[in-house]
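Containing compact mmCIF, N, CA and C atoms and all ligand atoms: upload15.txt.
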# COMPACT_ATOMS: atom_id res chain seq x y z
N MET N 12 43.76 -10.41 -46.53
CA MET N 12 43.34 -10.46 -45.13
C MET N 12 42.11 -9.59 -44.94
N ILE N 13 41.33 -9.96 -43.91
CA ILE N 13 40.21 -9.09 -43.55
C ILE N 13 40.23 -8.77 -42.07
N SER N 14 39.49 -7.72 -41.74
CA SER N 14 39.24 -7.34 -40.36
C SER N 14 37.73 -7.33 -40.19
N LEU N 15 37.26 -8.02 -39.16
CA LEU N 15 35.81 -8.15 -38.94
C LEU N 15 35.49 -7.69 -37.52
N ILE N 16 34.45 -6.89 -37.39
CA ILE N 16 34.02 -6.42 -36.06
C ILE N 16 32.58 -6.85 -35.83
N TYR N 17 32.32 -7.41 -34.65
CA TYR N 17 30.93 -7.72 -34.29
C TYR N 17 30.71 -7.37 -32.83
N SER N 18 29.45 -7.31 -32.46
CA SER N 18 29.10 -7.16 -31.04
C SER N 18 28.13 -8.28 -30.69
N SER N 19 28.00 -8.56 -29.40
CA SER N 19 27.07 -9.59 -28.96
C SER N 19 26.70 -9.34 -27.51
N GLN N 20 25.69 -10.07 -27.09
CA GLN N 20 25.25 -10.00 -25.70
C GLN N 20 25.84 -11.21 -24.97
N GLY N 21 26.74 -10.95 -24.04
CA GLY N 21 27.45 -12.03 -23.38
C GLY N 21 26.67 -12.68 -22.25
N LEU N 22 27.05 -13.92 -21.94
CA LEU N 22 26.46 -14.63 -20.80
C LEU N 22 27.54 -14.93 -19.76
N ILE N 23 28.60 -14.12 -19.79
CA ILE N 23 29.66 -14.22 -18.78
C ILE N 23 29.62 -12.89 -18.01
N PHE N 24 29.28 -12.96 -16.74
CA PHE N 24 29.00 -11.72 -16.00
C PHE N 24 30.11 -11.38 -15.00
N TYR N 25 30.51 -10.13 -15.04
CA TYR N 25 31.58 -9.64 -14.17
C TYR N 25 31.22 -9.84 -12.70
N GLN N 26 29.93 -9.74 -12.41
CA GLN N 26 29.47 -9.87 -11.01
C GLN N 26 29.50 -11.32 -10.54
N SER N 27 29.59 -12.26 -11.48
CA SER N 27 29.53 -13.67 -11.10
C SER N 27 30.83 -14.11 -10.43
N PRO N 28 30.73 -15.01 -9.44
CA PRO N 28 31.96 -15.51 -8.79
C PRO N 28 32.82 -16.33 -9.77
N PHE N 29 32.24 -16.74 -10.88
CA PHE N 29 33.00 -17.54 -11.85
C PHE N 29 33.55 -16.72 -13.01
N TYR N 30 33.42 -15.39 -12.88
CA TYR N 30 33.80 -14.51 -14.00
C TYR N 30 35.22 -14.77 -14.49
N PHE N 31 36.19 -14.71 -13.58
CA PHE N 31 37.59 -14.81 -13.99
C PHE N 31 37.88 -16.19 -14.60
N GLN N 32 37.32 -17.21 -13.96
CA GLN N 32 37.51 -18.58 -14.46
C GLN N 32 36.94 -18.71 -15.88
N ARG N 33 35.75 -18.16 -16.09
CA ARG N 33 35.11 -18.31 -17.41
C ARG N 33 35.84 -17.51 -18.48
N MET N 34 36.25 -16.30 -18.12
CA MET N 34 36.99 -15.50 -19.11
C MET N 34 38.35 -16.12 -19.40
N ALA N 35 38.98 -16.67 -18.38
CA ALA N 35 40.30 -17.30 -18.58
C ALA N 35 40.16 -18.49 -19.52
N THR N 36 39.10 -19.28 -19.36
CA THR N 36 38.87 -20.43 -20.23
C THR N 36 38.67 -19.97 -21.67
N LEU N 37 37.83 -18.94 -21.83
CA LEU N 37 37.54 -18.43 -23.18
C LEU N 37 38.81 -17.89 -23.84
N LEU N 38 39.58 -17.11 -23.08
CA LEU N 38 40.79 -16.51 -23.68
C LEU N 38 41.84 -17.58 -23.98
N ALA N 39 41.90 -18.62 -23.16
CA ALA N 39 42.86 -19.70 -23.44
C ALA N 39 42.51 -20.38 -24.76
N GLN N 40 41.20 -20.56 -25.03
CA GLN N 40 40.77 -21.13 -26.32
C GLN N 40 41.20 -20.22 -27.46
N CYS N 41 41.01 -18.91 -27.25
CA CYS N 41 41.39 -17.93 -28.29
C CYS N 41 42.89 -18.05 -28.59
N PHE N 42 43.70 -18.07 -27.54
CA PHE N 42 45.15 -18.06 -27.75
C PHE N 42 45.58 -19.26 -28.58
N ASP N 43 45.10 -20.44 -28.20
CA ASP N 43 45.52 -21.67 -28.88
C ASP N 43 45.16 -21.66 -30.36
N LYS N 44 43.87 -21.42 -30.61
CA LYS N 44 43.39 -21.55 -31.99
C LYS N 44 43.82 -20.38 -32.86
N ASN N 45 43.85 -19.19 -32.28
CA ASN N 45 44.19 -18.02 -33.10
C ASN N 45 45.62 -18.08 -33.60
N VAL N 46 46.51 -18.61 -32.77
CA VAL N 46 47.90 -18.74 -33.23
C VAL N 46 47.96 -19.67 -34.44
N LYS N 47 47.26 -20.81 -34.31
CA LYS N 47 47.26 -21.79 -35.41
C LYS N 47 46.66 -21.21 -36.68
N LEU N 48 45.58 -20.43 -36.52
CA LEU N 48 44.86 -19.90 -37.69
C LEU N 48 45.39 -18.54 -38.15
N ARG N 49 46.39 -18.04 -37.46
CA ARG N 49 46.99 -16.72 -37.75
C ARG N 49 45.96 -15.59 -37.65
N ILE N 50 45.11 -15.72 -36.60
CA ILE N 50 44.13 -14.68 -36.31
C ILE N 50 44.66 -13.84 -35.15
N THR N 51 44.51 -12.53 -35.27
CA THR N 51 44.86 -11.61 -34.18
C THR N 51 43.64 -10.71 -33.94
N GLY N 52 43.69 -9.92 -32.87
CA GLY N 52 42.55 -9.03 -32.64
C GLY N 52 42.42 -8.60 -31.20
N ILE N 53 41.24 -8.11 -30.89
CA ILE N 53 40.96 -7.65 -29.53
C ILE N 53 39.51 -8.01 -29.18
N LEU N 54 39.33 -8.41 -27.94
CA LEU N 54 37.99 -8.71 -27.42
C LEU N 54 37.70 -7.72 -26.30
N GLY N 55 36.58 -7.04 -26.41
CA GLY N 55 36.18 -6.08 -25.37
C GLY N 55 34.91 -6.53 -24.69
N LEU N 56 34.78 -6.20 -23.42
CA LEU N 56 33.58 -6.54 -22.66
C LEU N 56 33.15 -5.33 -21.84
N SER N 57 31.88 -4.99 -21.95
CA SER N 57 31.35 -3.87 -21.17
C SER N 57 29.88 -4.10 -20.87
N ASN N 58 29.53 -4.03 -19.60
CA ASN N 58 28.13 -4.21 -19.19
C ASN N 58 27.50 -5.45 -19.83
N GLY N 59 28.27 -6.52 -19.87
CA GLY N 59 27.74 -7.78 -20.39
C GLY N 59 27.79 -7.91 -21.89
N ARG N 60 28.21 -6.87 -22.58
CA ARG N 60 28.28 -6.96 -24.05
C ARG N 60 29.72 -7.18 -24.51
N PHE N 61 29.87 -8.01 -25.53
CA PHE N 61 31.17 -8.21 -26.15
C PHE N 61 31.27 -7.38 -27.42
N MET N 62 32.49 -6.94 -27.72
CA MET N 62 32.81 -6.45 -29.06
C MET N 62 34.16 -7.03 -29.40
N GLN N 63 34.29 -7.55 -30.61
CA GLN N 63 35.55 -8.20 -30.97
C GLN N 63 35.97 -7.78 -32.37
N VAL N 64 37.27 -7.59 -32.52
CA VAL N 64 37.88 -7.40 -33.83
C VAL N 64 38.68 -8.67 -34.12
N LEU N 65 38.37 -9.32 -35.24
CA LEU N 65 39.12 -10.50 -35.69
C LEU N 65 39.83 -10.09 -36.97
N GLU N 66 41.12 -10.31 -37.04
CA GLU N 66 41.84 -9.98 -38.27
C GLU N 66 42.74 -11.15 -38.66
N GLY N 67 42.88 -11.37 -39.96
CA GLY N 67 43.70 -12.49 -40.43
C GLY N 67 43.25 -12.93 -41.81
N PRO N 68 43.74 -14.11 -42.25
CA PRO N 68 43.36 -14.63 -43.56
C PRO N 68 41.83 -14.72 -43.67
N THR N 69 41.30 -14.32 -44.82
CA THR N 69 39.85 -14.22 -44.99
C THR N 69 39.10 -15.48 -44.55
N HIS N 70 39.55 -16.64 -45.02
CA HIS N 70 38.81 -17.87 -44.69
C HIS N 70 38.90 -18.20 -43.20
N SER N 71 40.08 -17.94 -42.60
CA SER N 71 40.22 -18.21 -41.16
C SER N 71 39.25 -17.35 -40.36
N VAL N 72 39.19 -16.08 -40.71
CA VAL N 72 38.33 -15.15 -39.96
C VAL N 72 36.85 -15.51 -40.18
N GLU N 73 36.49 -15.82 -41.41
CA GLU N 73 35.08 -16.14 -41.68
C GLU N 73 34.67 -17.43 -40.97
N ASP N 74 35.54 -18.44 -41.01
CA ASP N 74 35.21 -19.69 -40.32
C ASP N 74 35.14 -19.49 -38.81
N MET N 75 36.09 -18.70 -38.28
CA MET N 75 36.09 -18.43 -36.84
C MET N 75 34.82 -17.68 -36.43
N PHE N 76 34.44 -16.70 -37.23
CA PHE N 76 33.23 -15.94 -36.91
C PHE N 76 32.01 -16.86 -36.91
N ALA N 77 31.94 -17.77 -37.86
CA ALA N 77 30.81 -18.72 -37.92
C ALA N 77 30.79 -19.57 -36.65
N ALA N 78 31.97 -20.01 -36.19
CA ALA N 78 32.05 -20.82 -34.96
C ALA N 78 31.65 -19.98 -33.75
N ILE N 79 32.11 -18.75 -33.71
CA ILE N 79 31.81 -17.86 -32.59
C ILE N 79 30.30 -17.60 -32.52
N CYS N 80 29.67 -17.45 -33.69
CA CYS N 80 28.21 -17.21 -33.71
C CYS N 80 27.44 -18.35 -33.05
N ARG N 81 28.00 -19.56 -33.13
CA ARG N 81 27.31 -20.73 -32.57
C ARG N 81 27.60 -20.94 -31.08
N ASP N 82 28.49 -20.12 -30.53
CA ASP N 82 28.94 -20.32 -29.14
C ASP N 82 27.84 -19.93 -28.15
N PRO N 83 27.47 -20.85 -27.24
CA PRO N 83 26.36 -20.56 -26.32
C PRO N 83 26.72 -19.57 -25.21
N ARG N 84 27.97 -19.10 -25.17
CA ARG N 84 28.33 -18.14 -24.12
C ARG N 84 27.91 -16.72 -24.45
N HIS N 85 27.25 -16.55 -25.59
CA HIS N 85 26.71 -15.23 -25.93
C HIS N 85 25.58 -15.42 -26.94
N PHE N 86 24.86 -14.33 -27.21
CA PHE N 86 23.77 -14.38 -28.21
C PHE N 86 23.62 -13.00 -28.82
N ASP N 87 22.66 -12.88 -29.71
CA ASP N 87 22.43 -11.60 -30.40
C ASP N 87 23.71 -11.07 -31.04
N VAL N 88 24.39 -11.96 -31.77
CA VAL N 88 25.65 -11.56 -32.43
C VAL N 88 25.31 -10.68 -33.64
N ARG N 89 25.88 -9.50 -33.67
CA ARG N 89 25.61 -8.56 -34.76
C ARG N 89 26.90 -8.17 -35.47
N LEU N 90 26.94 -8.49 -36.74
CA LEU N 90 28.10 -8.09 -37.53
C LEU N 90 28.06 -6.57 -37.72
N ILE N 91 29.12 -5.90 -37.33
CA ILE N 91 29.15 -4.44 -37.44
C ILE N 91 29.80 -4.03 -38.76
N SER N 92 30.94 -4.65 -39.07
CA SER N 92 31.67 -4.21 -40.26
C SER N 92 32.76 -5.22 -40.63
N THR N 93 32.99 -5.37 -41.91
CA THR N 93 34.10 -6.19 -42.41
C THR N 93 34.83 -5.37 -43.45
N ARG N 94 36.15 -5.42 -43.41
CA ARG N 94 36.88 -4.77 -44.51
C ARG N 94 38.17 -5.48 -44.80
N SER N 95 38.60 -5.34 -46.01
CA SER N 95 39.84 -5.96 -46.40
C SER N 95 41.00 -5.08 -45.92
N ILE N 96 42.04 -5.72 -45.39
CA ILE N 96 43.17 -4.97 -44.84
C ILE N 96 44.50 -5.47 -45.42
N ALA N 97 45.45 -4.55 -45.48
CA ALA N 97 46.79 -4.92 -45.95
C ALA N 97 47.69 -5.22 -44.75
N GLU N 98 47.41 -4.55 -43.64
CA GLU N 98 48.22 -4.72 -42.42
C GLU N 98 47.33 -4.92 -41.21
N ARG N 99 47.88 -5.66 -40.24
CA ARG N 99 47.15 -5.90 -39.00
C ARG N 99 47.27 -4.71 -38.06
N ARG N 100 46.24 -4.48 -37.24
CA ARG N 100 46.33 -3.47 -36.18
C ARG N 100 46.70 -4.10 -34.83
N PHE N 101 46.47 -5.41 -34.71
CA PHE N 101 46.73 -6.08 -33.43
C PHE N 101 47.71 -7.24 -33.64
N GLY N 102 48.70 -6.97 -34.50
CA GLY N 102 49.61 -8.02 -34.94
C GLY N 102 50.35 -8.75 -33.84
N SER N 103 50.56 -8.11 -32.69
CA SER N 103 51.32 -8.78 -31.63
C SER N 103 50.39 -9.39 -30.57
N TRP N 104 49.10 -9.46 -30.87
CA TRP N 104 48.14 -10.01 -29.90
C TRP N 104 47.37 -11.16 -30.53
N SER N 105 47.51 -12.37 -29.97
CA SER N 105 46.67 -13.46 -30.49
C SER N 105 45.21 -13.13 -30.18
N MET N 106 44.95 -12.53 -29.04
CA MET N 106 43.66 -11.89 -28.78
C MET N 106 43.82 -11.02 -27.54
N ALA N 107 43.91 -9.72 -27.76
CA ALA N 107 43.98 -8.80 -26.62
C ALA N 107 42.61 -8.79 -25.94
N PHE N 108 42.61 -8.49 -24.66
CA PHE N 108 41.33 -8.41 -23.94
C PHE N 108 41.28 -7.12 -23.14
N VAL N 109 40.16 -6.43 -23.22
CA VAL N 109 39.96 -5.26 -22.37
C VAL N 109 38.53 -5.29 -21.87
N GLY N 110 38.41 -5.15 -20.55
CA GLY N 110 37.08 -5.23 -19.95
C GLY N 110 37.14 -4.69 -18.53
N PRO N 111 36.06 -4.93 -17.75
CA PRO N 111 36.03 -4.37 -16.41
C PRO N 111 37.25 -4.81 -15.60
N PRO N 112 37.81 -3.94 -14.78
CA PRO N 112 37.29 -2.64 -14.36
C PRO N 112 37.54 -1.49 -15.35
N VAL N 113 38.20 -1.74 -16.49
CA VAL N 113 38.37 -0.67 -17.47
C VAL N 113 37.01 -0.44 -18.15
N ASN N 114 36.61 0.79 -18.25
CA ASN N 114 35.31 1.11 -18.83
C ASN N 114 35.44 1.40 -20.33
N ILE N 115 34.96 0.45 -21.15
CA ILE N 115 35.03 0.67 -22.60
C ILE N 115 33.65 0.96 -23.19
N GLU N 116 32.73 1.37 -22.33
CA GLU N 116 31.37 1.66 -22.81
C GLU N 116 31.37 2.71 -23.94
N PRO N 117 32.31 3.69 -23.93
CA PRO N 117 32.32 4.65 -25.03
C PRO N 117 32.42 4.00 -26.42
N VAL N 118 33.06 2.83 -26.52
CA VAL N 118 33.14 2.17 -27.83
C VAL N 118 31.76 1.68 -28.25
N PHE N 119 31.01 1.15 -27.28
CA PHE N 119 29.66 0.69 -27.60
C PHE N 119 28.77 1.87 -27.96
N ASP N 120 29.00 3.00 -27.31
CA ASP N 120 28.22 4.20 -27.64
C ASP N 120 28.44 4.60 -29.10
N MET N 121 29.63 4.28 -29.63
CA MET N 121 29.93 4.65 -31.01
C MET N 121 29.04 3.90 -32.02
N ILE N 122 28.63 2.68 -31.68
CA ILE N 122 27.88 1.88 -32.66
C ILE N 122 26.38 2.04 -32.53
N ASP N 123 25.94 2.52 -31.38
CA ASP N 123 24.48 2.67 -31.20
C ASP N 123 24.02 3.95 -31.84
N PRO N 124 22.81 3.98 -32.40
CA PRO N 124 21.92 2.86 -32.57
C PRO N 124 21.97 2.27 -33.98
N LYS N 125 22.68 2.90 -34.90
CA LYS N 125 22.51 2.50 -36.30
C LYS N 125 23.67 1.71 -36.90
N MET N 126 24.75 1.55 -36.16
CA MET N 126 25.91 0.81 -36.64
C MET N 126 26.46 1.38 -37.95
N THR N 127 26.49 2.68 -38.05
CA THR N 127 27.00 3.27 -39.29
C THR N 127 28.41 3.83 -39.11
N VAL N 128 28.98 3.59 -37.94
CA VAL N 128 30.31 4.15 -37.64
C VAL N 128 31.39 3.50 -38.51
N ALA N 129 32.44 4.27 -38.78
CA ALA N 129 33.53 3.78 -39.63
C ALA N 129 34.33 2.68 -38.92
N HIS N 130 34.66 1.65 -39.67
CA HIS N 130 35.43 0.51 -39.18
C HIS N 130 36.70 0.98 -38.44
N GLU N 131 37.46 1.82 -39.10
CA GLU N 131 38.75 2.26 -38.56
C GLU N 131 38.60 3.03 -37.24
N ASP N 132 37.49 3.76 -37.10
CA ASP N 132 37.28 4.52 -35.85
C ASP N 132 37.09 3.59 -34.66
N ILE N 133 36.37 2.50 -34.88
CA ILE N 133 36.18 1.53 -33.79
C ILE N 133 37.52 0.86 -33.45
N VAL N 134 38.24 0.44 -34.48
CA VAL N 134 39.53 -0.23 -34.27
C VAL N 134 40.47 0.71 -33.50
N THR N 135 40.53 1.94 -33.91
CA THR N 135 41.43 2.90 -33.26
C THR N 135 41.03 3.12 -31.80
N ARG N 136 39.73 3.20 -31.55
CA ARG N 136 39.25 3.40 -30.18
C ARG N 136 39.59 2.19 -29.30
N LEU N 137 39.36 0.99 -29.83
CA LEU N 137 39.68 -0.21 -29.05
C LEU N 137 41.18 -0.31 -28.81
N ALA N 138 41.96 0.01 -29.84
CA ALA N 138 43.43 -0.07 -29.71
C ALA N 138 43.93 0.92 -28.67
N SER N 139 43.19 2.00 -28.45
CA SER N 139 43.65 3.03 -27.50
C SER N 139 43.66 2.51 -26.06
N TYR N 140 42.94 1.41 -25.80
CA TYR N 140 42.90 0.86 -24.44
C TYR N 140 44.10 -0.02 -24.12
N ILE N 141 44.82 -0.42 -25.16
CA ILE N 141 45.97 -1.29 -24.93
C ILE N 141 47.19 -0.67 -25.59
N ARG N 142 48.34 -1.25 -25.33
CA ARG N 142 49.56 -0.72 -25.98
C ARG N 142 49.80 -1.49 -27.26
N CYS N 143 49.54 -0.91 -28.39
CA CYS N 143 49.84 -1.58 -29.65
C CYS N 143 50.00 -0.57 -30.76
C1 LIG H 201 32.74 -13.58 -27.36
C2 LIG H 201 33.52 -14.77 -27.83
C3 LIG H 201 34.71 -14.58 -28.55
C4 LIG H 201 35.45 -15.68 -28.98
N1 LIG H 201 36.60 -15.46 -29.66
C5 LIG H 201 37.33 -16.52 -30.06
C6 LIG H 201 38.56 -16.33 -30.76
O1 LIG H 201 39.01 -15.22 -31.03
N2 LIG H 201 39.25 -17.45 -31.10
C7 LIG H 201 38.84 -18.71 -30.79
O2 LIG H 201 39.51 -19.67 -31.12
N3 LIG H 201 37.69 -18.90 -30.14
C8 LIG H 201 36.93 -17.85 -29.77
N4 LIG H 201 35.77 -18.06 -29.08
C9 LIG H 201 35.41 -19.44 -28.75
C10 LIG H 201 34.80 -20.18 -29.94
O3 LIG H 201 33.45 -19.84 -30.05
C11 LIG H 201 34.95 -21.70 -29.71
O4 LIG H 201 34.37 -22.08 -28.52
C12 LIG H 201 36.43 -22.10 -29.67
O5 LIG H 201 37.07 -21.66 -30.84
C13 LIG H 201 36.62 -23.63 -29.55
O6 LIG H 201 36.03 -24.26 -30.63
P1 LIG H 201 36.25 -25.84 -30.87
O7 LIG H 201 35.81 -26.52 -29.61
O8 LIG H 201 35.37 -26.15 -32.05
O9 LIG H 201 37.71 -26.02 -31.16
C14 LIG H 201 35.00 -16.97 -28.67
C15 LIG H 201 33.82 -17.16 -27.97
C16 LIG H 201 33.08 -16.07 -27.55
C17 LIG H 201 31.81 -16.29 -26.77
Translate the structure described by the file into structure tokens.
Ligand SMILES: Cc1cc2nc3c(=O)[nH]c(=O)nc-3n(C[C@H](O)[C@H](O)[C@H](O)COP(=O)(O)O)c2cc1C
Amino acid sequence: MISLIYSSQGLIFYQSPFYFQRMATLLAQCFDKNVKLRITGILGLSNGRFMQVLEGPTHSVEDMFAAICRDPRHFDVRLISTRSIAERRFGSWSMAFVGPPVNIEPVFDMIDPKMTVAHEDIVTRLASYIRC
């Protein structure tokens, strides 16, 4: 199994009247496909930026990441880190979500500007926002 973390610039805005509808649609897609592909993880949103941890079978995660990169709902997708894992950190979440009004900007501060932060530190910080 692998765990993959990336960030991107989202085109789904909290200020938009369609925010909840658009996020609900996106998360519903995640739930359906992730269960089938045995992918778990967490999706974070802050100030228009996404950060996501995808964990699961190597090929499932790599294929999913390739599909996500092509998704027009965001751009500037940057791979932060990939590592092989023996155990999941978000095993009970097909895709956890944390975003406004919860402020997760400190996680984004961890990766700027050089993206040299340790994989596990980001995962631990994201996990701290939810119960897992
Ligand atoms: C920020 C972001 C994160 C996404 N995360 C997932 C995910 O975890 N699982 C998933 O199935 N789709 C995710 N998607 C949606 C995929 O890009 C894609 O639209 C979805 O899997 C449906 O693909 P399909 O129409 O080829 O089945 C995400 C999209 C965005 C913009």
Those in region 14-143 of chain N with alpha helix (DSSP H) from DSSP, as a CSV table (one decimal) with N, CA and C atoms, in the coordinates of the input:
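Saved result, part21.csv, follows:
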chain,number,residue,atom,x,y,z
N,30,TYR,N,33.4,-15.4,-12.9
N,30,TYR,CA,33.8,-14.5,-14.0
N,30,TYR,C,35.2,-14.8,-14.5
N,31,PHE,N,36.2,-14.7,-13.6
N,31,PHE,CA,37.6,-14.8,-14.0
N,31,PHE,C,37.9,-16.2,-14.6
N,32,GLN,N,37.3,-17.2,-14.0
N,32,GLN,CA,37.5,-18.6,-14.5
N,32,GLN,C,36.9,-18.7,-15.9
N,33,ARG,N,35.8,-18.2,-16.1
N,33,ARG,CA,35.1,-18.3,-17.4
N,33,ARG,C,35.8,-17.5,-18.5
N,34,MET,N,36.2,-16.3,-18.1
N,34,MET,CA,37.0,-15.5,-19.1
N,34,MET,C,38.4,-16.1,-19.4
N,35,ALA,N,39.0,-16.7,-18.4
N,35,ALA,CA,40.3,-17.3,-18.6
N,35,ALA,C,40.2,-18.5,-19.5
N,36,THR,N,39.1,-19.3,-19.4
N,36,THR,CA,38.9,-20.4,-20.2
N,36,THR,C,38.7,-20.0,-21.7
N,37,LEU,N,37.8,-18.9,-21.8
N,37,LEU,CA,37.5,-18.4,-23.2
N,37,LEU,C,38.8,-17.9,-23.8
N,38,LEU,N,39.6,-17.1,-23.1
N,38,LEU,CA,40.8,-16.5,-23.7
N,38,LEU,C,41.8,-17.6,-24.0
N,39,ALA,N,41.9,-18.6,-23.2
N,39,ALA,CA,42.9,-19.7,-23.4
N,39,ALA,C,42.5,-20.4,-24.8
N,40,GLN,N,41.2,-20.6,-25.0
N,40,GLN,CA,40.8,-21.1,-26.3
N,40,GLN,C,41.2,-20.2,-27.5
N,41,CYS,N,41.0,-18.9,-27.2
N,41,CYS,CA,41.4,-17.9,-28.3
N,41,CYS,C,42.9,-18.0,-28.6
N,42,PHE,N,43.7,-18.1,-27.5
N,42,PHE,CA,45.2,-18.1,-27.8
N,42,PHE,C,45.6,-19.3,-28.6
N,43,ASP,N,45.1,-20.4,-28.2
N,43,ASP,CA,45.5,-21.7,-28.9
N,43,ASP,C,45.2,-21.7,-30.4
N,44,LYS,N,43.9,-21.4,-30.6
N,44,LYS,CA,43.4,-21.6,-32.0
N,44,LYS,C,43.8,-20.4,-32.9
N,45,ASN,N,43.8,-19.2,-32.3
N,45,ASN,CA,44.2,-18.0,-33.1
N,45,ASN,C,45.6,-18.1,-33.6
N,46,VAL,N,46.5,-18.6,-32.8
N,46,VAL,CA,47.9,-18.7,-33.2
N,46,VAL,C,48.0,-19.7,-34.4
N,47,LYS,N,47.3,-20.8,-34.3
N,47,LYS,CA,47.3,-21.8,-35.4
N,47,LYS,C,46.7,-21.2,-36.7
N,48,LEU,N,45.6,-20.4,-36.5
N,48,LEU,CA,44.9,-19.9,-37.7
N,48,LEU,C,45.4,-18.5,-38.2
N,69,THR,N,41.3,-14.3,-44.8
N,69,THR,CA,39.8,-14.2,-45.0
N,69,THR,C,39.1,-15.5,-44.6
N,70,HIS,N,39.6,-16.6,-45.0
N,70,HIS,CA,38.8,-17.9,-44.7
N,70,HIS,C,38.9,-18.2,-43.2
N,71,SER,N,40.1,-17.9,-42.6
N,71,SER,CA,40.2,-18.2,-41.2
N,71,SER,C,39.2,-17.4,-40.4
N,72,VAL,N,39.2,-16.1,-40.7
N,72,VAL,CA,38.3,-15.2,-40.0
N,72,VAL,C,36.8,-15.5,-40.2
N,73,GLU,N,36.5,-15.8,-41.4
N,73,GLU,CA,35.1,-16.1,-41.7
N,73,GLU,C,34.7,-17.4,-41.0
N,74,ASP,N,35.5,-18.4,-41.0
N,74,ASP,CA,35.2,-19.7,-40.3
N,74,ASP,C,35.1,-19.5,-38.8
N,75,MET,N,36.1,-18.7,-38.3
N,75,MET,CA,36.1,-18.4,-36.8
N,75,MET,C,34.8,-17.7,-36.4
N,76,PHE,N,34.4,-16.7,-37.2
N,76,PHE,CA,33.2,-15.9,-36.9
N,76,PHE,C,32.0,-16.9,-36.9
N,77,ALA,N,31.9,-17.8,-37.9
N,77,ALA,CA,30.8,-18.7,-37.9
N,77,ALA,C,30.8,-19.6,-36.6
N,78,ALA,N,32.0,-20.0,-36.2
N,78,ALA,CA,32.0,-20.8,-35.0
N,78,ALA,C,31.6,-20.0,-33.8
N,79,ILE,N,32.1,-18.8,-33.7
N,79,ILE,CA,31.8,-17.9,-32.6
N,79,ILE,C,30.3,-17.6,-32.5
N,80,CYS,N,29.7,-17.4,-33.7
N,80,CYS,CA,28.2,-17.2,-33.7
N,80,CYS,C,27.4,-18.4,-33.0
N,116,GLU,N,32.7,1.4,-22.3
N,116,GLU,CA,31.4,1.7,-22.8
N,116,GLU,C,31.4,2.7,-23.9
N,117,PRO,N,32.3,3.7,-23.9
N,117,PRO,CA,32.3,4.6,-25.0
N,117,PRO,C,32.4,4.0,-26.4
N,118,VAL,N,33.1,2.8,-26.5
N,118,VAL,CA,33.1,2.2,-27.8
N,118,VAL,C,31.8,1.7,-28.2
N,119,PHE,N,31.0,1.2,-27.3
N,119,PHE,CA,29.7,0.7,-27.6
N,119,PHE,C,28.8,1.9,-28.0
N,120,ASP,N,29.0,3.0,-27.3
N,120,ASP,CA,28.2,4.2,-27.6
N,120,ASP,C,28.4,4.6,-29.1
N,121,MET,N,29.6,4.3,-29.6
N,121,MET,CA,29.9,4.6,-31.0
N,121,MET,C,29.0,3.9,-32.0
N,122,ILE,N,28.6,2.7,-31.7
N,122,ILE,CA,27.9,1.9,-32.7
N,122,ILE,C,26.4,2.0,-32.5
N,130,HIS,N,34.7,1.6,-39.7
N,130,HIS,CA,35.4,0.5,-39.2
N,130,HIS,C,36.7,1.0,-38.4
N,131,GLU,N,37.5,1.8,-39.1
N,131,GLU,CA,38.8,2.3,-38.6
N,131,GLU,C,38.6,3.0,-37.2
N,132,ASP,N,37.5,3.8,-37.1
N,132,ASP,CA,37.3,4.5,-35.8
N,132,ASP,C,37.1,3.6,-34.7
N,133,ILE,N,36.4,2.5,-34.9
N,133,ILE,CA,36.2,1.5,-33.8
N,133,ILE,C,37.5,0.9,-33.4
N,134,VAL,N,38.2,0.4,-34.5
N,134,VAL,CA,39.5,-0.2,-34.3
N,134,VAL,C,40.5,0.7,-33.5
N,135,THR,N,40.5,1.9,-33.9
N,135,THR,CA,41.4,2.9,-33.3
N,135,THR,C,41.0,3.1,-31.8
N,136,ARG,N,39.7,3.2,-31.6
N,136,ARG,CA,39.2,3.4,-30.2
N,136,ARG,C,39.6,2.2,-29.3
N,137,LEU,N,39.4,1.0,-29.8
N,137,LEU,CA,39.7,-0.2,-29.0
N,137,LEU,C,41.2,-0.3,-28.8
N,138,ALA,N,42.0,0.0,-29.8
N,138,ALA,CA,43.4,-0.1,-29.7
N,138,ALA,C,43.9,0.9,-28.7
Report, in Å with one decimal, the straight-line distance from atom N of Lys125 (chain N) to atom N of Thr93 (chain N).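 Distance reported for this atom pair: 15.0 Å.
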Contacts of region 131-134 of chain N at 9 Å (only C-alpha atoms; same-chain gap of 6+ positions) as a ChimeraX atom specification: /N:16,53,64,100,118,121-122
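We find CA of Tyr25 (chain N) and atom N of Val113 (chain N) to be spaced 10.6 Å apart.
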Hey, can you check how far CA of Leu90 (chain N) sits from CA of Leu15 (chain N)?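 Interatomic distance, CA of Leu90 (chain N) to CA of Leu15 (chain N): 7.8 Å.
Using only N, CA and C atoms, the nearest neighbour of Glu73 (chain N) within the list N:Val109, N:Ala138, N:Ala129, N:Ile13 is N:Ile13.
For the residues N:Gly67, N:Tyr30, N:Leu137, N:Ser57, ranking by smallest atom-to-atom distance to Arg99 (chain N) using only N, CA and C atoms places N:Gly67 first.
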From chain N, collect each residue whose DSSP state is strand (DSSP E or B) and return the set as a ChimeraX atom specification. /N:13-21,51-57,60-67,85-95,107-109
